[in-house]
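For reference, data39.csv is printed below; it contains CSV, C-alpha atoms and all ligand atoms.
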```
chain,number,residue,atom,x,y,z
A,1,MET,CA,14.2,-25.8,1.2
A,2,GLN,CA,13.0,-23.3,-1.3
A,3,ASP,CA,15.6,-21.8,-3.5
A,4,ARG,CA,16.0,-18.2,-2.4
A,5,MET,CA,17.1,-17.1,-5.8
A,6,SER,CA,14.0,-18.4,-7.6
A,7,ALA,CA,11.9,-15.3,-7.1
A,8,LEU,CA,9.0,-16.1,-9.4
A,9,ASP,CA,6.8,-18.1,-7.1
A,10,LEU,CA,3.2,-17.1,-7.5
A,11,SER,CA,1.7,-20.2,-5.8
A,12,GLY,CA,-1.6,-19.4,-4.2
A,13,LYS,CA,-2.0,-16.2,-6.2
A,14,ASP,CA,-4.9,-15.5,-8.5
A,15,ARG,CA,-4.2,-13.8,-11.9
A,16,LEU,CA,-1.8,-11.1,-10.6
A,17,THR,CA,0.1,-9.1,-13.2
A,18,VAL,CA,3.8,-9.6,-12.8
A,19,LEU,CA,5.7,-6.3,-13.1
A,20,SER,CA,9.1,-7.7,-12.2
A,21,GLU,CA,10.4,-11.2,-11.7
A,22,ALA,CA,13.5,-10.6,-9.6
A,23,PRO,CA,12.7,-9.2,-7.2
A,24,LEU,CA,9.1,-10.3,-7.5
A,25,VAL,CA,6.6,-7.5,-8.0
A,26,ALA,CA,3.0,-8.3,-8.9
A,27,GLU,CA,-0.1,-6.1,-9.0
A,28,THR,CA,-3.8,-6.9,-8.9
A,29,PRO,CA,-5.9,-5.9,-11.9
A,30,GLU,CA,-8.6,-3.4,-10.7
A,31,SER,CA,-11.5,-5.8,-11.5
A,32,LEU,CA,-10.0,-8.4,-9.1
A,33,LEU,CA,-10.2,-5.9,-6.3
A,34,ASP,CA,-14.0,-6.3,-6.2
A,35,ASP,CA,-14.1,-7.9,-2.7
A,36,ASP,CA,-14.8,-5.9,0.4
A,37,THR,CA,-11.7,-7.5,2.0
A,38,THR,CA,-9.0,-8.3,-0.5
A,39,PRO,CA,-8.4,-12.1,-0.4
A,40,ILE,CA,-4.8,-13.1,0.1
A,41,ALA,CA,-4.8,-14.8,-3.3
A,42,ARG,CA,-5.4,-11.4,-4.9
A,43,PHE,CA,-3.1,-9.2,-2.7
A,44,PHE,CA,-0.3,-7.5,-4.5
A,45,ILE,CA,3.4,-8.4,-3.8
A,46,ARG,CA,6.3,-6.1,-3.7
A,47,ASN,CA,9.8,-7.3,-2.8
A,48,ASN,CA,12.9,-5.2,-3.1
A,49,GLY,CA,15.5,-7.9,-2.4
A,50,LEU,CA,15.7,-11.7,-2.1
A,51,LEU,CA,13.6,-13.8,0.2
A,52,PRO,CA,14.8,-14.5,3.8
A,53,GLU,CA,15.1,-18.1,5.2
A,54,ARG,CA,11.8,-19.6,6.0
A,55,VAL,CA,11.3,-20.5,9.7
A,56,GLU,CA,9.8,-23.6,11.2
A,57,ASP,CA,8.0,-22.1,14.1
A,58,PRO,CA,6.5,-18.6,13.6
A,59,GLU,CA,5.8,-18.2,17.4
A,60,ALA,CA,9.6,-18.4,18.0
A,61,TRP,CA,10.4,-15.5,15.5
A,62,ARG,CA,12.2,-12.8,17.5
A,63,PHE,CA,12.5,-9.1,17.0
A,64,THR,CA,14.2,-6.3,19.0
A,65,ILE,CA,13.5,-2.7,19.9
A,66,ASP,CA,16.6,-0.7,20.7
A,67,GLY,CA,18.1,2.8,20.4
A,68,GLU,CA,16.4,5.7,22.2
A,69,VAL,CA,14.5,3.6,24.8
A,70,GLU,CA,14.9,3.0,28.5
A,71,HIS,CA,14.5,-0.8,28.3
A,72,PRO,CA,15.6,-2.4,25.0
A,73,LEU,CA,13.3,-5.4,24.2
A,74,ASP,CA,13.9,-8.7,22.6
A,75,LEU,CA,10.6,-10.4,22.1
A,76,SER,CA,9.2,-13.5,20.4
A,77,VAL,CA,5.9,-13.5,18.5
A,78,ALA,CA,4.5,-15.7,21.3
A,79,GLU,CA,5.6,-13.1,23.9
A,80,LEU,CA,4.1,-10.3,21.8
A,81,LYS,CA,0.8,-12.2,21.8
A,82,SER,CA,0.7,-12.9,25.5
A,83,ARG,CA,1.9,-9.4,26.7
A,84,PHE,CA,-0.1,-7.0,24.6
A,85,PRO,CA,-3.7,-6.7,23.6
A,86,ALA,CA,-4.4,-7.9,20.0
A,87,LYS,CA,-6.3,-5.7,17.7
A,88,THR,CA,-7.8,-6.3,14.2
A,89,PHE,CA,-8.3,-3.5,11.7
A,90,ARG,CA,-9.1,-3.6,8.0
A,91,MET,CA,-6.6,-1.3,6.4
A,92,VAL,CA,-5.3,-0.4,3.0
A,93,LEU,CA,-1.7,-1.2,2.2
A,94,GLU,CA,-0.5,0.7,-0.9
A,95,CYS,CA,2.8,0.9,-2.7
A,96,GLY,CA,4.3,4.4,-2.8
A,97,GLY,CA,4.6,4.1,-6.6
A,98,ASN,CA,1.0,3.0,-7.2
A,99,GLY,CA,-0.4,4.8,-10.3
A,100,ARG,CA,3.1,5.4,-11.7
A,101,SER,CA,2.4,4.1,-15.2
A,102,PHE,CA,0.0,7.0,-15.8
A,103,PHE,CA,2.8,9.6,-15.8
A,104,GLU,CA,4.0,10.9,-19.2
A,105,PRO,CA,6.8,10.6,-20.0
A,106,LYS,CA,7.3,7.3,-18.2
A,107,ALA,CA,8.8,7.6,-14.7
A,108,GLU,CA,11.5,5.3,-13.4
A,109,GLY,CA,10.4,2.2,-11.5
A,110,ASN,CA,7.8,-0.5,-11.5
A,111,ALA,CA,4.9,0.4,-13.9
A,112,TRP,CA,2.0,0.1,-11.4
A,113,THR,CA,-1.4,0.9,-12.7
A,114,ASN,CA,-3.8,1.1,-9.7
A,115,GLY,CA,-3.2,-2.4,-8.4
A,116,GLY,CA,-0.3,-1.8,-6.1
A,117,ALA,CA,-2.9,-1.7,-3.3
A,118,GLY,CA,-5.2,-4.0,-1.3
A,119,CYS,CA,-7.3,-3.9,1.8
A,120,ALA,CA,-6.9,-6.7,4.3
A,121,GLU,CA,-7.8,-7.4,7.9
A,122,TRP,CA,-4.6,-7.3,9.9
A,123,THR,CA,-4.3,-8.6,13.4
A,124,GLY,CA,-1.5,-7.7,15.7
A,125,VAL,CA,-0.6,-5.3,18.5
A,126,SER,CA,-0.2,-1.6,18.4
A,127,LEU,CA,3.4,-0.7,18.0
A,128,ARG,CA,2.6,2.1,20.5
A,129,ASP,CA,1.9,-0.4,23.3
A,130,VAL,CA,5.2,-2.1,22.8
A,131,LEU,CA,7.1,1.2,22.6
A,132,GLN,CA,5.4,2.2,25.9
A,133,ALA,CA,6.8,-1.0,27.5
A,134,ALA,CA,10.3,-0.1,26.1
A,135,GLY,CA,10.0,3.4,27.5
A,136,LEU,CA,10.7,6.1,24.9
A,137,LYS,CA,13.4,8.6,25.8
A,138,ASN,CA,12.8,12.3,25.1
A,139,THR,CA,15.3,11.9,22.3
A,140,ALA,CA,13.1,9.4,20.4
A,141,LEU,CA,12.3,11.1,17.1
A,142,PHE,CA,12.2,8.5,14.4
A,143,THR,CA,12.0,4.8,13.8
A,144,GLY,CA,14.2,2.6,11.6
A,145,HIS,CA,12.8,-0.7,10.4
A,146,PHE,CA,14.8,-3.8,9.6
A,147,GLY,CA,13.7,-7.0,7.9
A,148,ALA,CA,15.4,-10.4,7.5
A,149,ASP,CA,15.6,-10.3,3.7
A,150,PRO,CA,19.0,-9.9,2.0
A,151,ASP,CA,19.5,-7.3,-0.7
A,152,LYS,CA,19.5,-8.1,-4.4
A,153,THR,CA,23.2,-9.2,-4.2
A,154,GLY,CA,22.3,-11.7,-1.5
A,155,SER,CA,24.0,-9.8,1.3
A,156,VAL,CA,22.3,-10.3,4.6
A,157,GLU,CA,24.3,-7.5,6.1
A,158,ARG,CA,22.9,-5.0,3.6
A,159,GLN,CA,19.2,-4.5,4.0
A,160,ALA,CA,17.0,-4.8,0.9
A,161,MET,CA,15.1,-1.9,2.4
A,162,SER,CA,15.1,-0.1,5.7
A,163,ARG,CA,12.8,2.9,6.1
A,164,GLY,CA,11.3,4.7,9.1
A,165,VAL,CA,8.7,7.1,10.3
A,166,PRO,CA,8.5,10.1,12.6
A,167,ILE,CA,7.7,8.9,16.1
A,168,THR,CA,4.2,10.4,16.0
A,169,LYS,CA,3.2,8.1,13.2
A,170,ALA,CA,4.7,5.1,15.0
A,171,LEU,CA,2.5,6.0,18.1
A,172,GLU,CA,-0.8,5.9,16.2
A,173,GLU,CA,-3.0,3.1,17.4
A,174,HIS,CA,-3.4,1.7,13.9
A,175,THR,CA,0.4,1.2,13.4
A,176,LEU,CA,0.6,-2.5,14.0
A,177,LEU,CA,3.0,-5.3,14.5
A,178,ALA,CA,0.9,-7.9,12.6
A,179,TRP,CA,1.0,-11.7,12.5
A,180,THR,CA,-2.4,-12.4,11.0
A,181,MET,CA,-3.9,-11.5,7.6
A,182,ASN,CA,-7.6,-12.1,6.9
A,183,GLY,CA,-7.7,-14.4,9.9
A,184,GLU,CA,-4.9,-16.6,8.6
A,185,PRO,CA,-1.3,-16.8,9.8
A,186,LEU,CA,0.6,-14.0,7.9
A,187,PRO,CA,1.8,-15.6,4.7
A,188,PHE,CA,5.5,-15.8,4.2
A,189,ILE,CA,5.4,-13.7,0.9
A,190,HIS,CA,3.6,-10.9,2.9
A,191,GLY,CA,6.2,-10.8,5.6
A,192,GLY,CA,5.3,-13.6,7.9
A,193,PRO,CA,5.8,-14.4,10.7
A,194,LEU,CA,5.8,-10.7,11.6
A,195,ARG,CA,5.5,-7.4,9.8
A,196,LEU,CA,4.7,-3.8,10.4
A,197,ILE,CA,1.6,-2.2,9.0
A,198,VAL,CA,2.0,1.6,8.8
A,199,PRO,CA,-1.3,2.5,7.2
A,200,GLY,CA,-2.0,5.5,4.9
A,201,TRP,CA,1.7,6.0,4.1
A,202,PRO,CA,3.8,4.3,1.4
A,203,GLY,CA,3.9,0.5,1.7
A,204,SER,CA,7.6,0.5,2.0
A,205,LEU,CA,7.3,1.5,5.6
A,206,SER,CA,5.4,-1.7,6.4
A,207,GLN,CA,8.5,-3.8,6.9
A,208,LYS,CA,8.1,-7.5,6.2
A,209,TRP,CA,10.0,-10.2,8.0
A,210,LEU,CA,10.5,-7.7,10.8
A,211,LYS,CA,13.6,-8.2,12.9
A,212,ARG,CA,14.4,-4.9,14.5
A,213,ILE,CA,13.0,-1.4,15.2
A,214,TRP,CA,15.8,1.0,16.0
A,215,ILE,CA,14.5,4.1,17.7
A,216,ARG,CA,16.5,7.0,16.6
A,217,ASP,CA,17.3,10.6,17.7
A,218,ARG,CA,17.3,11.7,14.1
A,219,GLU,CA,15.7,10.9,10.7
A,220,HIS,CA,16.5,7.3,9.8
A,221,ASP,CA,19.1,6.9,7.0
A,222,GLY,CA,18.6,3.3,5.8
A,223,PRO,CA,18.3,2.1,2.2
A,224,GLY,CA,15.1,3.5,0.8
A,225,MET,CA,15.2,6.7,2.8
A,226,THR,CA,16.7,8.7,-0.1
A,227,SER,CA,14.0,7.4,-2.5
A,228,TYR,CA,10.2,8.0,-1.7
A,229,ARG,CA,10.8,11.7,-2.0
A,230,VAL,CA,8.7,14.1,-4.0
A,231,PRO,CA,9.7,17.6,-5.3
A,232,VAL,CA,8.7,20.6,-3.2
A,233,HIS,CA,8.4,22.7,-6.3
A,234,PRO,CA,6.7,21.2,-9.4
A,235,LEU,CA,9.0,20.0,-12.1
A,236,PRO,CA,8.5,20.1,-15.9
A,237,PRO,CA,7.6,16.5,-17.1
A,238,GLY,CA,10.7,14.6,-18.1
A,239,SER,CA,13.2,16.7,-16.2
A,240,ASP,CA,16.1,14.9,-14.5
A,241,GLY,CA,15.0,16.1,-11.1
A,242,THR,CA,18.6,16.3,-9.8
A,243,HIS,CA,18.0,19.9,-8.7
A,244,GLY,CA,15.5,21.3,-6.4
A,245,GLU,CA,14.2,20.6,-2.9
A,246,THR,CA,12.4,17.4,-2.1
A,247,ARG,CA,10.4,16.1,0.8
A,248,ILE,CA,9.6,12.6,2.1
A,249,LEU,CA,6.4,11.2,0.8
A,250,GLU,CA,4.1,10.7,3.7
A,251,SER,CA,0.3,10.3,3.4
A,252,MET,CA,-0.8,8.8,0.1
A,253,PRO,CA,-3.1,10.8,-2.1
A,254,VAL,CA,-6.9,10.1,-2.6
A,255,ARG,CA,-7.6,7.3,-5.1
A,256,SER,CA,-10.7,5.5,-6.3
A,257,ILE,CA,-10.8,2.4,-8.5
A,258,ILE,CA,-13.7,0.9,-10.5
A,259,THR,CA,-13.8,-2.8,-9.7
A,260,ALA,CA,-16.9,-3.6,-11.9
A,261,PRO,CA,-17.5,-3.5,-14.8
A,262,ALA,CA,-14.2,-4.7,-16.0
A,263,HIS,CA,-12.1,-2.7,-18.4
A,264,GLY,CA,-12.8,-4.1,-21.9
A,265,SER,CA,-16.0,-5.9,-21.0
A,266,SER,CA,-19.0,-6.3,-23.3
A,267,HIS,CA,-22.6,-6.0,-22.2
A,268,GLU,CA,-25.7,-7.2,-23.9
A,269,ALA,CA,-27.4,-5.0,-26.5
A,270,GLY,CA,-30.2,-3.0,-24.9
A,271,THR,CA,-28.4,-2.7,-21.5
A,272,ARG,CA,-29.5,0.7,-20.2
A,273,THR,CA,-28.4,0.6,-16.6
A,274,ILE,CA,-24.9,-0.3,-15.4
A,275,MET,CA,-24.2,-0.9,-11.7
A,276,VAL,CA,-20.7,0.5,-11.1
A,277,ARG,CA,-18.7,-0.8,-8.1
A,278,GLY,CA,-15.5,0.3,-6.6
A,279,ALA,CA,-13.3,1.2,-3.7
A,280,ALA,CA,-11.7,4.5,-2.6
A,281,TRP,CA,-9.2,5.5,0.1
A,282,ALA,CA,-7.2,8.6,0.9
A,283,GLY,CA,-4.0,8.0,2.9
A,284,ASP,CA,-4.4,9.6,6.4
A,285,ASP,CA,-7.6,11.3,5.4
A,286,ALA,CA,-11.2,10.1,4.9
A,287,VAL,CA,-13.0,9.8,1.6
A,288,THR,CA,-16.0,12.2,1.6
A,289,ARG,CA,-17.5,11.5,-1.8
A,290,VAL,CA,-17.1,9.4,-5.0
A,291,ASP,CA,-18.6,10.5,-8.3
A,292,CYS,CA,-18.9,8.7,-11.7
A,293,SER,CA,-19.1,10.1,-15.2
A,294,ILE,CA,-19.7,8.5,-18.6
A,295,ASP,CA,-19.3,11.7,-20.5
A,296,GLY,CA,-15.7,12.6,-19.7
A,297,GLY,CA,-16.6,14.6,-16.7
A,298,ALA,CA,-19.4,16.8,-18.2
A,299,THR,CA,-22.0,15.3,-15.8
A,300,TRP,CA,-21.5,13.3,-12.7
A,301,VAL,CA,-23.6,10.7,-10.7
A,302,SER,CA,-22.7,10.4,-7.0
A,303,ALA,CA,-21.9,7.0,-5.6
A,304,GLN,CA,-23.4,5.4,-2.4
A,305,MET,CA,-20.6,4.7,0.0
A,306,THR,CA,-20.4,2.0,2.6
A,307,PRO,CA,-18.8,3.5,5.7
A,308,PRO,CA,-15.3,2.3,6.5
A,309,ARG,CA,-15.1,-0.2,9.5
A,310,ASN,CA,-12.3,1.7,11.0
A,311,ARG,CA,-9.8,4.4,10.2
A,312,TYR,CA,-7.6,3.4,7.1
A,313,ASP,CA,-10.2,1.0,5.8
A,314,TRP,CA,-11.2,1.7,2.3
A,315,VAL,CA,-14.7,2.8,1.3
A,316,ARG,CA,-16.7,0.5,-1.0
A,317,TRP,CA,-19.0,2.3,-3.3
A,318,THR,CA,-21.7,1.7,-5.9
A,319,ALA,CA,-23.2,3.9,-8.5
A,320,THR,CA,-26.1,3.4,-10.9
A,321,VAL,CA,-25.3,4.8,-14.3
A,322,GLU,CA,-28.0,5.2,-17.0
A,323,LEU,CA,-26.9,4.7,-20.6
A,324,PRO,CA,-28.6,6.5,-23.5
A,325,GLY,CA,-28.2,3.7,-26.0
A,326,ASP,CA,-25.9,0.9,-27.2
A,327,GLY,CA,-22.2,1.7,-28.0
A,328,TYR,CA,-18.9,2.4,-26.5
A,329,TYR,CA,-18.5,4.0,-23.1
A,330,GLU,CA,-15.8,5.2,-20.7
A,331,ILE,CA,-16.6,5.5,-17.0
A,332,PHE,CA,-14.5,7.7,-14.8
A,333,ALA,CA,-14.6,7.5,-11.0
A,334,ARG,CA,-13.4,10.4,-8.9
A,335,ALA,CA,-13.0,10.5,-5.2
A,336,THR,CA,-12.7,13.5,-2.9
A,337,ASP,CA,-10.9,13.5,0.5
A,338,SER,CA,-11.8,15.2,3.7
A,339,GLN,CA,-9.5,18.1,2.9
A,340,GLY,CA,-11.5,18.8,-0.3
A,341,ARG,CA,-9.0,17.4,-2.7
A,342,ALA,CA,-10.4,15.4,-5.6
A,343,GLN,CA,-8.5,13.2,-8.0
A,344,PRO,CA,-7.1,15.1,-11.0
A,345,PHE,CA,-7.7,14.2,-14.7
A,346,ARG,CA,-4.0,14.8,-15.6
A,347,ALA,CA,-0.9,13.9,-13.7
A,348,VAL,CA,0.7,17.3,-13.6
A,349,ASN,CA,2.8,16.4,-10.6
A,350,TRP,CA,5.4,14.6,-12.7
A,351,ASN,CA,8.6,13.5,-10.8
A,352,PRO,CA,11.5,11.3,-11.8
A,353,ASN,CA,10.5,8.5,-9.5
A,354,GLY,CA,6.9,8.6,-10.3
A,355,TYR,CA,5.2,9.1,-6.9
A,356,GLY,CA,1.8,10.5,-6.1
A,357,CYS,CA,0.0,9.8,-9.4
A,358,ASN,CA,-3.7,9.5,-8.6
A,359,VAL,CA,-5.5,10.4,-11.8
A,360,VAL,CA,-9.1,9.4,-12.1
A,361,HIS,CA,-9.6,5.7,-13.0
A,362,ARG,CA,-11.0,5.1,-16.5
A,363,VAL,CA,-12.8,1.9,-17.6
A,364,ALA,CA,-14.0,1.4,-21.2
A,365,PHE,CA,-16.8,-1.1,-22.1
A,366,MET,CA,-19.1,-1.9,-25.0
A,367,VAL,CA,-22.9,-2.3,-25.0
A,368,GLY,CA,-24.1,-4.4,-28.0
A,369,GLU,CA,-22.3,-5.2,-31.2
A,370,VAL,CA,-19.2,-3.4,-32.2
A,371,VAL,CA,-20.2,-1.5,-35.4
A,401,LIG,N1,11.5,-6.6,4.5
A,401,LIG,C1,10.9,-6.0,3.5
A,401,LIG,N2,9.8,-5.3,3.8
A,401,LIG,C2,9.1,-4.7,2.8
A,401,LIG,C3,9.6,-4.7,1.4
A,401,LIG,C4,10.8,-5.4,1.2
A,401,LIG,O1,11.3,-5.5,0.0
A,401,LIG,N3,11.4,-6.0,2.2
A,401,LIG,N4,8.9,-4.0,0.4
A,401,LIG,C5,8.0,-2.9,0.9
A,401,LIG,C6,7.2,-2.3,-0.1
A,401,LIG,S1,7.9,-1.3,-1.2
A,401,LIG,C7,5.8,-2.6,-0.1
A,401,LIG,S2,4.8,-1.7,-1.2
A,401,LIG,C8,5.2,-3.6,0.8
A,401,LIG,C9,4.4,-4.6,0.0
A,401,LIG,O2,3.9,-5.6,0.8
A,401,LIG,P1,3.3,-6.9,0.2
A,401,LIG,O3,4.3,-7.6,-0.6
A,401,LIG,O4,2.8,-7.7,1.4
A,401,LIG,O5,2.1,-6.5,-0.6
A,401,LIG,O6,6.1,-4.2,1.6
A,401,LIG,C10,7.2,-3.3,2.1
A,401,LIG,N5,7.9,-4.1,3.1
A,402,MO,MO,6.3,-0.2,-2.4
```

Let me see the file written as structure tokens.
Ligand SMILES: Nc1nc2c(c(=O)[nH]1)N[C@H]1C(S)=C(S)[C@@H](COP(=O)(O)O)O[C@H]1N2
Ligand SMILES: [Mo]
Amino acid sequence: MQDRMSALDLSGKDRLTVLSEAPLVAETPESLLDDDTTPIARFFIRNNGLLPERVEDPEAWRFTIDGEVEHPLDLSVAELKSRFPAKTFRMVLECGGNGRSFFEPKAEGNAWTNGGAGCAEWTGVSLRDVLQAAGLKNTALFTGHFGADPDKTGSVERQAMSRGVPITKALEEHTLLAWTMNGEPLPFIHGGPLRLIVPGWPGSLSQKWLKRIWIRDREHDGPGMTSYRVPVHPLPPGSDGTHGETRILESMPVRSIITAPAHGSSHEAGTRTIMVRGAAWAGDDAVTRVDCSIDGGATWVSAQMTPPRNRYDWVRWTATVELPGDGYYEIFARATDSQGRAQPFRAVNWNPNGYGCNVVHRVAFMVGEVV
């Protein structure tokens, strides 16, 4: 059996950047997010506690739905598959702290650049269909999610993380109980045999190793519910944030990443055209445009976007950028969402836990010899 304390197991993973060894947290360099569908080998990892016991038979994995329901359910993965229609959606999963390292001064927590995100094909059933079978009572207001992973001290009684969503989010068709990732059985490290996918909102809601959903008549109060909050009134950078009103972080902000060329790459002397490729997504909203600039935002070239396959899929985009000569360049990519919000150049929304940083992505490259 695998040692549950040995957290640093990156087998099957391809050049992820480790941000923390115990618990294991690893992000994907932007240039490795160049595929339309993020391969499992390149999908980021975020654990908050230890790993649960591995199971022999994924079909026999059980989970329960209880609380404010007429008929509490206790179902195996096999029963889920046979009782409810399976759906596949390609959807972004993004850590709530993605982009944190761009805050100044440094905010507390894992120093994500833009690689705490990936876009995979998830197959499962809509949580909504299962909740309908359980029969929601009028008092059903919120969910509480429970996984099998013990917390950092090894206590199975204490959850590593247990967050929840307002019932309206749980009832969206795209909120899935998933057992397949990119057509393969959901890998253990990504929460297999069964996990939640709550798209567009912080990844912490997408409970891995799912054992229980508690339907509640009030906001859930599990570990993790007091974090993932952002200030209602803007704070001066570096303040301790112990004062002032906060709200729960829900939809993630619009973000684009440049996946080619790679940061720090060199291109042949005389190169005058660069094909820029990337991805963009916007939490609950749609991406309406992506623009690129090589002059710090003085002029912009608009990107061609491939339409998303379904809601919560990312947009892949390309832009052709003309270069006036050899030398050093910085490309910026800036996405705009369906509410007209574009990515900012500066992270003026500083907060102690470093949420919501979506500054434009910058990639520097050279054409020709370094002089
Ligand atoms: N049971 C459990 N589920 C969890 C976590 C965890 O520590 N334990 N981490 C959450 C966080 S913070 C994120 S960002 C995503 C990461 O999913 P991944 O490791 O598959 O990329 O899982 C979420 N689900
Ligand atoms: Mo996260």

Enter the distance from atom CA of A:Tyr355 to atom CA of A:Pro236, in Å, rounded to one decimal.
->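 About the pair atom CA of A:Tyr355 and atom CA of A:Pro236: they are 14.6 Å apart.
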
- Near-ligand residues for ligand LIG 401 (chain A), threshold 7 Å, only C-alpha atoms and all ligand atoms, as a PyMOL selection string: chain A and resi 43-49+94-96+146-149+160-161+189-191+202-210

Need to verify the contact set: A:Lys87, 10 Å, all atoms listed in the file, exclusion of same-chain residues closer than 6 positions in sequence. Can you return it as a list in words? Trp122, Thr123, Gly124, Val125, Ser126, Glu173, His174, Leu176, Leu177 and Ala178 of chain A

Pull C-alpha atoms from the residues just selected and write them as a PDB file, in the coordinates of the input.
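Final output, saved to out.pdb:
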```pdb
ATOM      1  CA  TRP A 122      -4.600  -7.300   9.900  1.00  0.00           C
ATOM      2  CA  THR A 123      -4.300  -8.600  13.400  1.00  0.00           C
ATOM      3  CA  GLY A 124      -1.500  -7.700  15.700  1.00  0.00           C
ATOM      4  CA  VAL A 125      -0.600  -5.300  18.500  1.00  0.00           C
ATOM      5  CA  SER A 126      -0.200  -1.600  18.400  1.00  0.00           C
ATOM      6  CA  GLU A 173      -3.000   3.100  17.400  1.00  0.00           C
ATOM      7  CA  HIS A 174      -3.400   1.700  13.900  1.00  0.00           C
ATOM      8  CA  LEU A 176       0.600  -2.500  14.000  1.00  0.00           C
ATOM      9  CA  LEU A 177       3.000  -5.300  14.500  1.00  0.00           C
ATOM     10  CA  ALA A 178       0.900  -7.900  12.600  1.00  0.00           C
TER      11      ALA A 178
END
```

Close residues, stretch 20-33 of chain A itself excluded, 9 Å, all atoms listed in the file, min 5 positions apart in chain, as a PyMOL selection string = chain A and resi 5-10+14-15+38-39+42-51+110+112-119+152+257-263+278-279

Applying 8 Å and all atoms listed in the file, which residues near stretch 303-317 of chain A remain after dropping the ones on its own chain fewer than 6 positions away? List them as a PDB file with C-alpha atoms, in the coordinates of the input.
```pdb
ATOM      1  CA  ASP A  36     -14.800  -5.900   0.400  1.00  0.00           C
ATOM      2  CA  PHE A  89      -8.300  -3.500  11.700  1.00  0.00           C
ATOM      3  CA  ARG A  90      -9.100  -3.600   8.000  1.00  0.00           C
ATOM      4  CA  MET A  91      -6.600  -1.300   6.400  1.00  0.00           C
ATOM      5  CA  VAL A  92      -5.300  -0.400   3.000  1.00  0.00           C
ATOM      6  CA  CYS A 119      -7.300  -3.900   1.800  1.00  0.00           C
ATOM      7  CA  HIS A 174      -3.400   1.700  13.900  1.00  0.00           C
ATOM      8  CA  PRO A 199      -1.300   2.500   7.200  1.00  0.00           C
ATOM      9  CA  GLY A 200      -2.000   5.500   4.900  1.00  0.00           C
ATOM     10  CA  ARG A 277     -18.700  -0.800  -8.100  1.00  0.00           C
ATOM     11  CA  GLY A 278     -15.500   0.300  -6.600  1.00  0.00           C
ATOM     12  CA  ALA A 279     -13.300   1.200  -3.700  1.00  0.00           C
ATOM     13  CA  ALA A 280     -11.700   4.500  -2.600  1.00  0.00           C
ATOM     14  CA  TRP A 281      -9.200   5.500   0.100  1.00  0.00           C
ATOM     15  CA  GLY A 283      -4.000   8.000   2.900  1.00  0.00           C
ATOM     16  CA  ASP A 284      -4.400   9.600   6.400  1.00  0.00           C
ATOM     17  CA  ALA A 286     -11.200  10.100   4.900  1.00  0.00           C
ATOM     18  CA  VAL A 287     -13.000   9.800   1.600  1.00  0.00           C
ATOM     19  CA  ARG A 289     -17.500  11.500  -1.800  1.00  0.00           C
ATOM     20  CA  VAL A 290     -17.100   9.400  -5.000  1.00  0.00           C
ATOM     21  CA  ASP A 291     -18.600  10.500  -8.300  1.00  0.00           C
ATOM     22  CA  CYS A 292     -18.900   8.700 -11.700  1.00  0.00           C
TER      23      CYS A 292
END
```

(Q) Set the distance at 10 Å and use only C-alpha atoms: which residues neighbour A:Arg362 once local chain neighbours fewer than 2 positions away are removed? I'd like the list as a PyMOL selection string. (A) chain A and resi 257-258+263+292-294+296+330-334+345+359-360+364

Checklist line | Nearest-residue call for ligand MO 402 (chain A), choices A:Ala342, A:Leu80, A:Met252, A:Asp74, using only C-alpha atoms and all ligand atoms | finding: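 Nearest to ligand MO 402 (chain A): A:Met252.
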